[in-house]
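A.B. asks: Quick one, model-v7.csv (CSV, C-alpha atoms and all ligand atoms):
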chain,number,residue,atom,x,y,z
A,1,MET,CA,-51.2,-11.9,247.7
A,2,SER,CA,-47.8,-13.4,248.1
A,3,GLY,CA,-44.7,-14.4,246.2
A,4,ALA,CA,-43.9,-13.1,242.7
A,5,ARG,CA,-46.9,-10.9,242.3
A,6,ALA,CA,-46.3,-9.2,245.6
A,7,GLU,CA,-42.7,-8.5,244.7
A,8,VAL,CA,-43.7,-6.9,241.4
A,9,ALA,CA,-46.5,-4.9,243.0
A,10,ASP,CA,-44.1,-3.7,245.8
A,11,TYR,CA,-41.6,-2.6,243.2
A,12,LEU,CA,-44.1,-0.6,241.3
A,13,GLN,CA,-45.5,1.0,244.4
A,14,ARG,CA,-42.0,2.2,245.3
A,15,ARG,CA,-41.1,3.3,241.8
A,16,PHE,CA,-44.3,5.4,241.4
A,17,GLY,CA,-44.7,6.5,245.0
A,18,ARG,CA,-48.2,4.8,245.1
A,19,ARG,CA,-49.9,3.2,248.1
A,20,PHE,CA,-51.6,0.3,246.1
A,21,CYS,CA,-50.9,-1.7,243.0
A,22,VAL,CA,-53.1,-4.4,241.6
A,23,LEU,CA,-51.5,-6.5,238.9
A,24,THR,CA,-53.4,-7.6,235.8
A,25,ASN,CA,-52.8,-9.8,232.8
A,26,ARG,CA,-52.6,-6.7,230.5
A,27,GLY,CA,-53.3,-3.0,230.1
A,28,THR,CA,-56.8,-3.4,228.8
A,29,THR,CA,-57.8,-5.3,231.9
A,30,ALA,CA,-56.1,-2.7,234.1
A,31,LEU,CA,-58.2,0.1,232.5
A,32,THR,CA,-61.4,-2.0,232.7
A,33,ALA,CA,-60.7,-2.7,236.4
A,34,ALA,CA,-60.0,1.0,237.1
A,35,LEU,CA,-63.2,2.1,235.6
A,36,ARG,CA,-65.2,-0.6,237.4
A,37,ALA,CA,-63.6,0.5,240.7
A,38,LEU,CA,-65.1,4.0,240.3
A,39,ASP,CA,-68.4,2.2,240.7
A,40,ARG,CA,-70.5,4.5,238.5
A,41,PRO,CA,-73.9,3.6,237.1
A,42,THR,CA,-73.9,1.7,233.8
A,43,GLY,CA,-73.5,4.1,230.9
A,44,ALA,CA,-71.4,6.7,232.7
A,45,ALA,CA,-69.1,8.4,230.3
A,46,ALA,CA,-65.3,7.9,230.0
A,47,LEU,CA,-63.7,10.8,228.2
A,48,PHE,CA,-60.8,9.9,225.8
A,49,PRO,CA,-58.8,12.0,223.4
A,50,ALA,CA,-60.1,11.6,219.8
A,51,VAL,CA,-56.8,10.2,218.5
A,52,LEU,CA,-55.8,7.0,220.1
A,53,CYS,CA,-55.5,3.2,219.8
A,54,SER,CA,-59.0,1.8,220.0
A,55,ILE,CA,-58.2,-0.9,222.6
A,56,PRO,CA,-58.5,1.4,225.7
A,57,VAL,CA,-61.9,2.4,224.3
A,58,PHE,CA,-63.0,-1.2,224.3
A,59,ALA,CA,-61.9,-1.3,228.0
A,60,ALA,CA,-64.5,1.4,228.7
A,61,ARG,CA,-67.2,-0.7,227.0
A,62,PHE,CA,-66.1,-3.8,228.8
A,63,ALA,CA,-66.6,-1.9,232.1
A,64,GLY,CA,-70.1,-0.8,231.1
A,65,TRP,CA,-69.1,2.8,230.4
A,66,THR,CA,-69.9,4.9,227.3
A,67,PRO,CA,-66.9,6.3,225.6
A,68,VAL,CA,-67.0,10.0,224.6
A,69,PHE,CA,-64.3,12.0,223.0
A,70,ALA,CA,-62.6,15.5,223.1
A,71,ASP,CA,-60.4,16.9,220.4
A,72,VAL,CA,-56.6,17.0,220.8
A,73,ASN,CA,-54.2,19.9,220.6
A,74,LEU,CA,-51.6,20.4,217.8
A,75,THR,CA,-48.7,21.1,220.2
A,76,ASP,CA,-48.3,17.5,221.5
A,77,ALA,CA,-51.4,15.6,220.2
A,78,ASN,CA,-52.8,15.2,223.8
A,79,PHE,CA,-56.1,16.5,225.1
A,80,ASP,CA,-57.2,20.0,224.0
A,81,PRO,CA,-58.2,21.5,227.4
A,82,THR,CA,-60.8,23.8,225.8
A,83,ASP,CA,-62.5,20.9,224.2
A,84,VAL,CA,-62.3,18.9,227.4
A,85,ALA,CA,-64.1,21.7,229.2
A,86,ARG,CA,-66.7,21.8,226.5
A,87,VAL,CA,-67.4,18.0,226.7
A,88,LEU,CA,-67.5,18.1,230.5
A,89,ARG,CA,-70.0,21.0,230.4
A,90,GLU,CA,-72.2,19.4,227.7
A,91,CYS,CA,-72.2,16.0,229.4
A,92,ASN,CA,-73.5,17.7,232.5
A,93,GLY,CA,-72.2,15.4,235.3
A,94,ARG,CA,-72.3,12.2,233.2
A,95,VAL,CA,-68.5,12.0,232.6
A,96,GLY,CA,-67.1,9.9,235.5
A,97,ALA,CA,-63.5,9.5,234.2
A,98,VAL,CA,-61.1,11.5,232.0
A,99,VAL,CA,-58.5,9.2,230.5
A,100,PRO,CA,-55.3,10.9,229.1
A,101,VAL,CA,-53.2,8.4,227.0
A,102,HIS,CA,-49.9,10.5,226.9
A,103,MET,CA,-49.7,10.3,223.1
A,104,PHE,CA,-46.3,9.4,221.5
A,105,GLY,CA,-44.9,9.1,225.1
A,106,ARG,CA,-45.4,12.8,226.0
A,107,MET,CA,-47.2,13.1,229.4
A,108,ASP,CA,-50.5,15.1,229.2
A,109,ASP,CA,-51.0,18.0,231.7
A,110,VAL,CA,-52.6,15.7,234.3
A,111,GLU,CA,-52.6,18.2,237.1
A,112,ARG,CA,-54.7,20.6,235.0
A,113,LEU,CA,-57.0,17.7,233.9
A,114,GLU,CA,-57.4,16.7,237.5
A,115,LYS,CA,-58.7,20.1,238.4
A,116,MET,CA,-61.1,20.2,235.5
A,117,ALA,CA,-62.3,16.6,236.2
A,118,ALA,CA,-62.7,17.2,239.9
A,119,ALA,CA,-64.9,20.3,239.3
A,120,ALA,CA,-67.1,18.1,237.1
A,121,GLY,CA,-67.2,15.2,239.6
A,122,ALA,CA,-64.9,13.0,237.5
A,123,ALA,CA,-61.7,11.2,238.3
A,124,VAL,CA,-58.5,11.1,236.1
A,125,ILE,CA,-57.2,7.7,235.1
A,126,GLU,CA,-53.8,7.9,233.4
A,127,ASP,CA,-53.1,5.3,230.7
A,128,LEU,CA,-49.4,4.7,230.6
A,129,ALA,CA,-49.3,2.0,228.0
A,130,LEU,CA,-47.2,4.3,225.7
A,131,SER,CA,-45.5,6.5,228.2
A,132,LEU,CA,-43.9,4.6,231.1
A,133,GLY,CA,-40.8,6.7,232.1
A,134,ALA,CA,-42.3,10.0,230.9
A,135,GLU,CA,-42.5,13.0,233.3
A,136,ARG,CA,-43.8,16.5,233.4
A,137,ASP,CA,-43.0,19.3,235.8
A,138,GLY,CA,-40.9,16.9,237.8
A,139,ARG,CA,-43.7,14.3,238.3
A,140,PRO,CA,-43.6,10.9,236.6
A,141,ALA,CA,-46.4,9.8,234.5
A,142,GLY,CA,-48.5,7.4,236.6
A,143,SER,CA,-48.0,9.3,239.9
A,144,VAL,CA,-50.6,12.1,239.4
A,145,GLY,CA,-54.0,10.7,238.4
A,146,THR,CA,-56.5,9.2,240.8
A,147,MET,CA,-55.6,5.9,239.2
A,148,ALA,CA,-52.9,4.9,236.7
A,149,CYS,CA,-52.9,1.9,234.4
A,150,LEU,CA,-49.8,0.2,233.1
A,151,SER,CA,-49.2,-2.3,230.3
A,152,PHE,CA,-46.1,-4.5,230.0
A,153,VAL,CA,-47.3,-6.0,226.7
A,154,ARG,CA,-45.1,-5.2,223.7
A,155,LYS,CA,-45.1,-1.5,224.0
A,156,MET,CA,-42.8,0.3,226.4
A,157,ILE,CA,-42.0,-3.1,228.1
A,158,PRO,CA,-41.5,-6.0,225.7
A,159,LEU,CA,-43.3,-8.7,227.6
A,160,GLU,CA,-46.2,-10.9,226.5
A,161,MET,CA,-48.2,-10.5,229.7
A,162,GLY,CA,-48.8,-8.0,232.4
A,163,GLY,CA,-50.3,-4.7,233.5
A,164,ALA,CA,-51.2,-2.9,236.7
A,165,VAL,CA,-53.6,-0.4,238.3
A,166,MET,CA,-52.1,1.9,240.8
A,167,THR,CA,-53.8,4.3,243.2
A,168,ASP,CA,-53.5,5.8,246.6
A,169,ASP,CA,-57.1,5.1,247.5
A,170,PRO,CA,-57.7,1.8,249.5
A,171,GLU,CA,-61.3,1.5,248.4
A,172,LEU,CA,-60.5,1.9,244.7
A,173,ALA,CA,-57.7,-0.6,245.1
A,174,ARG,CA,-60.0,-3.1,246.8
A,175,ARG,CA,-62.7,-2.8,244.1
A,176,ALA,CA,-60.2,-3.1,241.3
A,177,ARG,CA,-58.7,-6.2,243.0
A,178,ASP,CA,-62.2,-7.7,243.4
A,179,PHE,CA,-63.0,-7.2,239.8
A,180,ILE,CA,-59.7,-8.8,238.7
A,181,GLU,CA,-60.3,-11.8,240.9
A,182,SER,CA,-63.8,-12.3,239.4
A,183,LEU,CA,-62.3,-12.9,235.9
A,184,PRO,CA,-61.6,-16.3,234.4
A,185,PRO,CA,-58.0,-17.5,234.8
A,186,LEU,CA,-55.4,-16.7,232.1
A,187,ARG,CA,-55.4,-19.4,229.4
A,188,PRO,CA,-51.9,-20.1,228.2
A,189,GLY,CA,-51.3,-20.3,224.5
A,190,GLU,CA,-54.0,-17.8,223.4
A,191,GLY,CA,-51.5,-15.2,222.2
A,192,ALA,CA,-51.8,-16.2,218.5
A,193,GLU,CA,-55.6,-16.0,218.7
A,194,THR,CA,-55.5,-12.6,220.3
A,195,ALA,CA,-53.0,-11.3,217.7
A,196,ALA,CA,-55.2,-12.6,214.9
A,197,ALA,CA,-58.3,-11.0,216.4
A,198,LEU,CA,-56.5,-7.7,216.6
A,199,ARG,CA,-55.3,-7.9,213.0
A,200,ALA,CA,-58.9,-8.7,212.0
A,201,PHE,CA,-60.2,-5.8,214.0
A,202,HIS,CA,-57.8,-3.3,212.4
A,203,ALA,CA,-58.6,-4.6,208.9
A,204,LEU,CA,-62.3,-4.4,209.6
A,205,THR,CA,-61.9,-0.9,211.0
A,206,GLY,CA,-60.2,0.1,207.8
A,207,PHE,CA,-63.1,-1.3,205.8
A,208,VAL,CA,-65.7,0.5,207.9
A,209,ALA,CA,-63.7,3.7,207.6
A,210,ALA,CA,-63.5,3.4,203.8
A,211,GLY,CA,-67.3,3.3,203.8
A,212,ASP,CA,-67.4,6.6,205.8
A,213,TRP,CA,-68.4,4.7,208.9
A,214,ARG,CA,-71.8,3.7,207.6
A,215,ARG,CA,-71.1,0.1,208.3
A,216,ARG,CA,-70.1,0.7,211.9
A,217,GLU,CA,-72.3,-1.9,213.3
A,218,LEU,CA,-70.1,-4.6,211.7
A,219,LEU,CA,-67.6,-3.9,214.5
A,220,ASP,CA,-70.0,-4.7,217.3
A,221,GLY,CA,-69.5,-8.4,216.9
A,222,PHE,CA,-65.9,-8.1,218.0
A,223,GLU,CA,-66.7,-6.9,221.4
A,224,GLY,CA,-67.6,-10.2,223.0
A,225,GLU,CA,-64.6,-12.0,221.4
A,226,PHE,CA,-62.2,-9.3,222.6
A,227,ARG,CA,-63.5,-9.4,226.1
A,228,ARG,CA,-63.1,-13.2,226.1
A,229,LEU,CA,-59.5,-13.0,224.8
A,230,PHE,CA,-58.3,-10.0,226.7
A,231,LEU,CA,-59.8,-10.0,230.2
A,232,ALA,CA,-58.3,-12.7,232.6
A,233,ARG,CA,-57.0,-13.1,236.1
A,234,THR,CA,-53.4,-14.1,236.7
A,235,ALA,CA,-52.0,-16.4,239.4
A,236,ASP,CA,-48.6,-16.2,241.2
A,237,ALA,CA,-47.4,-18.9,238.9
A,238,ASP,CA,-48.0,-16.7,235.8
A,239,TRP,CA,-45.4,-14.1,237.1
A,240,ASP,CA,-41.7,-14.2,237.0
A,241,ALA,CA,-40.9,-11.2,239.3
A,242,ARG,CA,-37.2,-11.1,238.4
A,243,THR,CA,-37.9,-10.8,234.6
A,244,VAL,CA,-40.6,-8.2,235.0
A,245,VAL,CA,-38.6,-6.0,237.4
A,246,ALA,CA,-35.5,-6.4,235.1
A,247,GLU,CA,-37.5,-5.2,232.1
A,248,ILE,CA,-38.9,-2.2,233.9
A,249,GLU,CA,-35.4,-1.4,235.3
A,250,LYS,CA,-34.1,-1.5,231.7
A,251,LEU,CA,-36.4,1.4,230.9
A,252,ASP,CA,-33.9,4.1,231.8
A,253,ASP,CA,-31.4,2.6,229.3
A,254,VAL,CA,-34.2,2.3,226.7
A,255,LEU,CA,-35.1,6.0,227.2
A,256,ARG,CA,-31.5,7.0,226.9
A,257,ALA,CA,-31.2,5.1,223.7
A,258,ARG,CA,-34.3,6.6,222.3
A,259,ARG,CA,-33.1,10.1,223.2
A,260,ALA,CA,-29.9,9.5,221.3
A,261,ARG,CA,-32.0,8.5,218.2
A,262,ALA,CA,-34.3,11.5,218.7
A,263,GLU,CA,-31.2,13.8,218.8
A,264,VAL,CA,-30.3,12.5,215.3
A,265,TYR,CA,-33.6,13.7,214.0
A,266,GLU,CA,-33.2,17.0,215.9
A,267,THR,CA,-29.8,17.5,214.2
A,268,ALA,CA,-30.5,16.0,210.7
A,269,LEU,CA,-34.0,17.2,209.9
A,270,HIS,CA,-33.8,20.7,208.5
A,271,HIS,CA,-36.7,21.0,206.1
A,272,PRO,CA,-39.1,23.7,207.3
A,273,GLY,CA,-42.1,21.6,206.1
A,274,ALA,CA,-41.6,19.2,209.1
A,275,VAL,CA,-42.2,20.6,212.5
A,276,PRO,CA,-41.6,18.4,215.5
A,277,LEU,CA,-44.2,18.3,218.2
A,278,ASP,CA,-43.4,19.1,221.8
A,279,ARG,CA,-41.5,16.2,223.3
A,280,GLY,CA,-40.5,17.7,226.7
A,281,GLY,CA,-40.1,14.9,229.3
A,282,SER,CA,-41.4,12.3,226.8
A,283,ALA,CA,-40.8,8.6,226.9
A,284,LEU,CA,-40.4,8.9,223.1
A,285,PHE,CA,-42.7,6.1,222.0
A,286,ALA,CA,-42.1,7.8,218.6
A,287,TYR,CA,-40.7,11.1,217.3
A,288,PRO,CA,-43.7,13.0,216.2
A,289,VAL,CA,-43.3,15.5,213.3
A,290,ARG,CA,-46.1,17.5,211.7
A,291,LEU,CA,-46.1,18.1,208.0
A,292,LYS,CA,-48.0,21.3,207.9
A,293,GLY,CA,-50.5,21.4,205.1
A,294,TRP,CA,-49.3,18.1,203.6
A,295,THR,CA,-50.9,14.6,203.8
A,296,ALA,CA,-48.5,12.2,205.4
A,297,GLU,CA,-49.9,9.2,203.4
A,298,ASP,CA,-49.3,11.1,200.2
A,299,LEU,CA,-45.7,11.9,201.2
A,300,LEU,CA,-45.2,8.2,201.9
A,301,ASP,CA,-46.8,7.2,198.6
A,302,PHE,CA,-44.4,9.7,196.8
A,303,ALA,CA,-41.5,8.3,198.7
A,304,ALA,CA,-42.4,4.7,197.7
A,305,GLU,CA,-42.6,5.9,194.0
A,306,GLN,CA,-39.0,7.0,194.5
A,307,GLY,CA,-38.0,3.7,195.9
A,308,TYR,CA,-37.9,4.7,199.6
A,309,THR,CA,-39.8,3.0,202.3
A,310,PHE,CA,-40.6,5.2,205.3
A,311,ARG,CA,-42.9,3.9,208.0
A,312,ARG,CA,-45.3,5.9,210.0
A,313,ILE,CA,-46.3,5.3,213.6
A,314,ALA,CA,-49.8,6.8,213.4
A,315,TYR,CA,-53.0,6.7,215.4
A,316,PRO,CA,-56.4,6.9,213.7
A,317,ASP,CA,-58.9,9.6,214.5
A,318,ILE,CA,-60.9,6.9,216.2
A,319,HIS,CA,-63.9,8.6,217.6
A,320,PRO,CA,-66.3,7.7,214.8
A,321,VAL,CA,-65.9,4.0,215.6
A,322,PHE,CA,-67.7,4.4,218.9
A,323,GLY,CA,-69.9,7.4,218.8
A,324,PRO,CA,-71.8,10.0,216.8
A,325,ARG,CA,-69.6,11.9,214.4
A,326,ARG,CA,-68.7,15.4,215.5
A,327,PRO,CA,-66.1,17.5,213.8
A,328,MET,CA,-62.7,17.1,215.6
A,329,PRO,CA,-60.6,19.4,213.4
A,330,ASN,CA,-57.3,18.9,215.3
A,331,ALA,CA,-57.7,15.1,215.5
A,332,ALA,CA,-58.3,15.1,211.7
A,333,THR,CA,-55.1,17.2,211.3
A,334,ILE,CA,-53.1,14.9,213.5
A,335,GLU,CA,-54.3,11.9,211.5
A,336,ARG,CA,-53.5,13.6,208.2
A,337,GLU,CA,-50.3,15.4,209.0
A,338,ILE,CA,-48.4,13.6,211.7
A,339,VAL,CA,-45.6,11.2,211.0
A,340,GLY,CA,-44.3,9.4,214.1
A,341,LEU,CA,-40.8,8.6,213.1
A,342,PRO,CA,-39.4,5.4,214.6
A,343,LEU,CA,-37.0,5.3,217.5
A,344,ASP,CA,-36.3,1.6,217.7
A,345,ASP,CA,-33.6,1.2,220.3
A,346,ASP,CA,-32.6,-2.2,218.8
A,347,ARG,CA,-31.2,-0.5,215.7
A,348,PRO,CA,-27.8,1.3,215.8
A,349,VAL,CA,-27.8,5.1,216.0
A,350,SER,CA,-25.7,5.1,212.8
A,351,GLU,CA,-28.7,3.9,210.8
A,352,PHE,CA,-30.8,6.8,211.9
A,353,TRP,CA,-28.4,9.3,210.3
A,354,GLY,CA,-29.1,7.8,206.9
A,355,TYR,CA,-32.8,7.4,207.6
A,356,ALA,CA,-33.1,11.1,208.7
A,357,ALA,CA,-31.1,12.4,205.8
A,358,ASP,CA,-33.2,10.4,203.3
A,359,PHE,CA,-36.4,11.7,204.9
A,360,ASP,CA,-35.2,15.3,204.8
A,361,LYS,CA,-34.2,14.9,201.1
A,362,MET,CA,-37.6,13.4,200.4
A,363,LEU,CA,-39.4,16.4,202.0
A,364,GLY,CA,-37.4,18.7,199.7
A,365,ALA,CA,-38.3,16.6,196.6
A,366,TYR,CA,-42.0,16.4,197.7
A,367,GLU,CA,-42.3,20.1,198.3
A,368,SER,CA,-42.1,20.9,194.6
A,369,VAL,CA,-44.6,18.3,193.5
A,370,ALA,CA,-47.0,18.4,196.4
A,371,PRO,CA,-49.2,21.2,195.0
A,372,HIS,CA,-49.7,19.2,191.8
A,373,ARG,CA,-50.6,16.0,193.4
A,374,THR,CA,-54.2,14.9,194.3
A,375,PRO,CA,-54.2,14.0,197.9
A,376,PRO,CA,-55.2,10.3,198.3
A,377,ASP,CA,-58.4,9.2,199.8
A,378,THR,CA,-57.1,7.9,203.1
A,379,ARG,CA,-60.4,6.5,204.4
A,380,GLY,CA,-59.8,2.9,205.1
A,381,ARG,CA,-56.1,3.3,205.4
A,382,LEU,CA,-56.7,4.4,208.9
A,383,GLU,CA,-55.8,1.2,210.7
A,384,MET,CA,-53.1,1.7,213.2
A,385,ARG,CA,-49.7,2.0,211.6
A,386,MET,CA,-46.8,0.7,213.6
A,387,GLY,CA,-43.5,0.8,211.7
A,388,GLY,CA,-39.8,0.4,212.4
A,389,LEU,CA,-36.9,1.4,210.3
A,390,SER,CA,-37.2,-1.6,208.1
B,401,LIG,C1,-52.8,3.7,224.9
B,401,LIG,C2,-53.1,2.2,225.1
B,401,LIG,N1,-53.6,1.8,226.3
B,401,LIG,C3,-53.9,0.5,226.5
B,401,LIG,C4,-53.6,-0.4,225.6
B,401,LIG,C5,-53.9,-1.9,225.9
B,401,LIG,O1,-52.8,-2.5,226.5
B,401,LIG,P1,-52.7,-4.1,226.4
B,401,LIG,O2,-52.2,-4.4,225.0
B,401,LIG,O3,-51.6,-4.4,227.4
B,401,LIG,O4,-53.9,-4.7,226.7
B,401,LIG,C6,-53.0,-0.1,224.4
B,401,LIG,C7,-52.7,-1.1,223.4
B,401,LIG,O5,-52.2,-0.9,222.3
B,401,LIG,C8,-52.7,1.3,224.1
B,401,LIG,O6,-52.2,1.7,223.0
Could you render the structure from this file as structure tokens?
C.D. replies:
Amino acid sequence: MSGARAEVADYLQRRFGRRFCVLTNRGTTALTAALRALDRPTGAAALFPAVLCSIPVFAARFAGWTPVFADVNLTDANFDPTDVARVLRECNGRVGAVVPVHMFGRMDDVERLEKMAAAAGAAVIEDLALSLGAERDGRPAGSVGTMACLSFVRKMIPLEMGGAVMTDDPELARRARDFIESLPPLRPGEGAETAAALRAFHALTGFVAAGDWRRRELLDGFEGEFRRLFLARTADADWDARTVVAEIEKLDDVLRARRARAEVYETALHHPGAVPLDRGGSALFAYPVRLKGWTAEDLLDFAAEQGYTFRRIAYPDIHPVFGPRRPMPNAATIEREIVGLPLDDDRPVSEFWGYAADFDKMLGAYESVAPHRTPPDTRGRLEMRMGGLS
């Protein structure tokens, strides 16, 4: 490797204190390569938290792994360690990878997960797509797991291409690189097709969920197309090192800006019905608030009836898409009760005061009517919600 790619890889190695960095066209490919590098027999299980975006789960399928799920906790919406222990026990050596996704930008307890995973013969792969810049106990997200996967595509980093696998293990790095090199080259101009495929997938997921997941096999047809659209190798010429490094360097400013907006919520949200989740060290992909006992979608419906539009950054309780249904009570609660309030750093802080005050007022108005409302049937409204202030 030489030129632009080497420059970006060197930069990331230094930034995260990692020995090896393999660049990819996007986060999905990074996760697929990381799993392939573990070199487990086909069908080995990759353990995900039950609430997440479905794309990383597709990565497991692309790699020939079987996704399995553990429930999340209600403190920060990351893995519930008790449920992780249960799944590791029940799978009896079949789990080869535990994949924390650092929900809403808050880093999971990777050191603890590493100990649990190691005792079960599994590795931890950190997925940093939503949490670049997060830290926990003085250690940055991406520096703790056996491998860490980055995405530069329209999440923490606003680029249209790019991702990486980082590790300290030369053999894992070599296998990840070999896998990436075996992929077809990146085809320029396929962005619109990929975006359309994602929209179609989310719409279809909603349809399948509305039918109580009975039509789940309808989703199978997407896998081949997603693989074709997502997994590609990049060349030096695809990379502009200066732009990528500049965007990653901007992250500190972005996090400062998000913190300023989170402080507005901390100051302006008073209603006891909304309890913020733990955000310690978070990269603040959103500001998560739990509406204890209320249904977030109903609150948003009520707000709309009053002429207000609030958007919710929410992740579906995705596990029924990919596996047998098992009760995941906390995941169901997170899907029902969590509102991820937006922290768009491209909107002035001043706008957040009005937004937060309106939201607080809405909670007060909703409180008196909530017991008399019939909670909506939210099945089928489960597609990922990404919303900004407007
Ligand atoms: C947690 C998480 N990991 C990985 C990905 C995939 O990253 P990319 O879009 O770069 O393929 C996503 C995409 O939304 C994600 O939310």
A.B. asks: Determine the nearest neighbour of Ala246 (chain A) from the options A:Leu172, A:Met103, A:Val8, A:Ala70, counting all atoms listed in the file.
C.D. replies: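 Ranking A:Leu172, A:Met103, A:Val8, A:Ala70 by distance to Ala246 (chain A), first place goes to A:Val8.
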A.B. asks: Of the candidates A:Gly191, A:Thr267, A:Ala34, A:Gly221, which one gets nearest to Ala176 (chain A) if we count only C-alpha atoms?
C.D. replies: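 Selected residue with least distance to Ala176 (chain A): A:Ala34.
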A.B. asks: Go through A:Met328, A:Ile318, A:Ile334, A:Val244 one by one, measure the shortest atom-to-atom distance of each to Lys292 (chain A) using only C-alpha atoms, and give the residue with the smallest value.
C.D. replies: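 Among A:Met328, A:Ile318, A:Ile334, A:Val244, it is A:Ile334 that comes nearest to Lys292 (chain A).
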A.B. asks: At a cut-off of 7 Å around ligand LIG 401 (chain B), and using all atoms listed in the file, what residues come up? Please write them as JSON, numbers by chain.
C.D. replies: {"A": [26, 27, 28, 29, 52, 53, 55, 56, 101, 127, 128, 129, 130, 151, 152, 153, 162, 163, 230]}
A.B. asks: Can you tell me, as a ChimeraX atom specification, what residues are no more than 9 Å from region 296-313 of chain A when counting only C-alpha atoms, ignoring any on the same chain fewer than 2 positions away?
C.D. replies: /A:104,286-288,290-291,294,315,335-342,355,358-359,362-363,366,370,373-376,378,381,384-390
A.B. asks: Name the residues in contact with Asp169 (chain A) at a cut-off of 12 Å, using only C-alpha atoms, excluding same-chain residues fewer than 5 positions from it; report them as a VMD selection string.
C.D. replies: chain A and resid 18 to 22 34 37 to 38 123 145 to 148 174 to 176
A.B. asks: Could those selected residues go to a file with C-alpha atoms, as a tab-separated table (two decimals), in the coordinates of the input?
C.D. replies:
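Saved the output as part.tsv:
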chain	number	residue	atom	x	y	z
A	18	ARG	CA	-48.20	4.80	245.10
A	19	ARG	CA	-49.90	3.20	248.10
A	20	PHE	CA	-51.60	0.30	246.10
A	21	CYS	CA	-50.90	-1.70	243.00
A	22	VAL	CA	-53.10	-4.40	241.60
A	34	ALA	CA	-60.00	1.00	237.10
A	37	ALA	CA	-63.60	0.50	240.70
A	38	LEU	CA	-65.10	4.00	240.30
A	123	ALA	CA	-61.70	11.20	238.30
A	145	GLY	CA	-54.00	10.70	238.40
A	146	THR	CA	-56.50	9.20	240.80
A	147	MET	CA	-55.60	5.90	239.20
A	148	ALA	CA	-52.90	4.90	236.70
A	174	ARG	CA	-60.00	-3.10	246.80
A	175	ARG	CA	-62.70	-2.80	244.10
A	176	ALA	CA	-60.20	-3.10	241.30
A.B. asks: Would you fill the gaps in region 145-158 of chain A so it has N, CA and C atoms, then print it as a compact mmCIF listing (two decimals), in the frame of the given file?
C.D. replies:
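Output contents, as saved in result-v1.txt:
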# COMPACT_ATOMS: atom_id res chain seq x y z
N GLY A 145 -52.57 10.97 238.49
CA GLY A 145 -54.00 10.70 238.40
C GLY A 145 -54.56 9.95 239.58
N THR A 146 -55.88 9.99 239.77
CA THR A 146 -56.50 9.20 240.80
C THR A 146 -56.14 7.75 240.73
N MET A 147 -56.07 7.28 239.47
CA MET A 147 -55.60 5.90 239.20
C MET A 147 -54.67 6.00 237.98
N ALA A 148 -53.78 5.02 237.87
CA ALA A 148 -52.90 4.90 236.70
C ALA A 148 -52.85 3.50 236.25
N CYS A 149 -52.88 3.29 234.93
CA CYS A 149 -52.90 1.90 234.40
C CYS A 149 -51.64 1.70 233.54
N LEU A 150 -51.01 0.56 233.78
CA LEU A 150 -49.80 0.20 233.10
C LEU A 150 -50.05 -1.00 232.17
N SER A 151 -49.24 -1.12 231.12
CA SER A 151 -49.20 -2.30 230.30
C SER A 151 -47.77 -2.74 230.11
N PHE A 152 -47.50 -4.03 230.24
CA PHE A 152 -46.10 -4.50 230.00
C PHE A 152 -46.10 -5.27 228.63
N VAL A 153 -47.20 -5.20 227.87
CA VAL A 153 -47.30 -6.00 226.70
C VAL A 153 -46.84 -5.31 225.43
N ARG A 154 -45.62 -5.60 225.01
CA ARG A 154 -45.10 -5.20 223.70
C ARG A 154 -45.23 -3.75 223.34
N LYS A 155 -45.13 -2.88 224.31
CA LYS A 155 -45.10 -1.50 224.00
C LYS A 155 -43.84 -0.85 224.59
N MET A 156 -43.97 -0.25 225.77
CA MET A 156 -42.80 0.30 226.40
C MET A 156 -41.96 -0.88 227.04
N ILE A 157 -42.67 -1.92 227.46
CA ILE A 157 -42.00 -3.10 228.10
C ILE A 157 -42.31 -4.28 227.13
N PRO A 158 -41.26 -4.98 226.72
CA PRO A 158 -41.50 -6.00 225.70
C PRO A 158 -41.86 -7.37 226.20
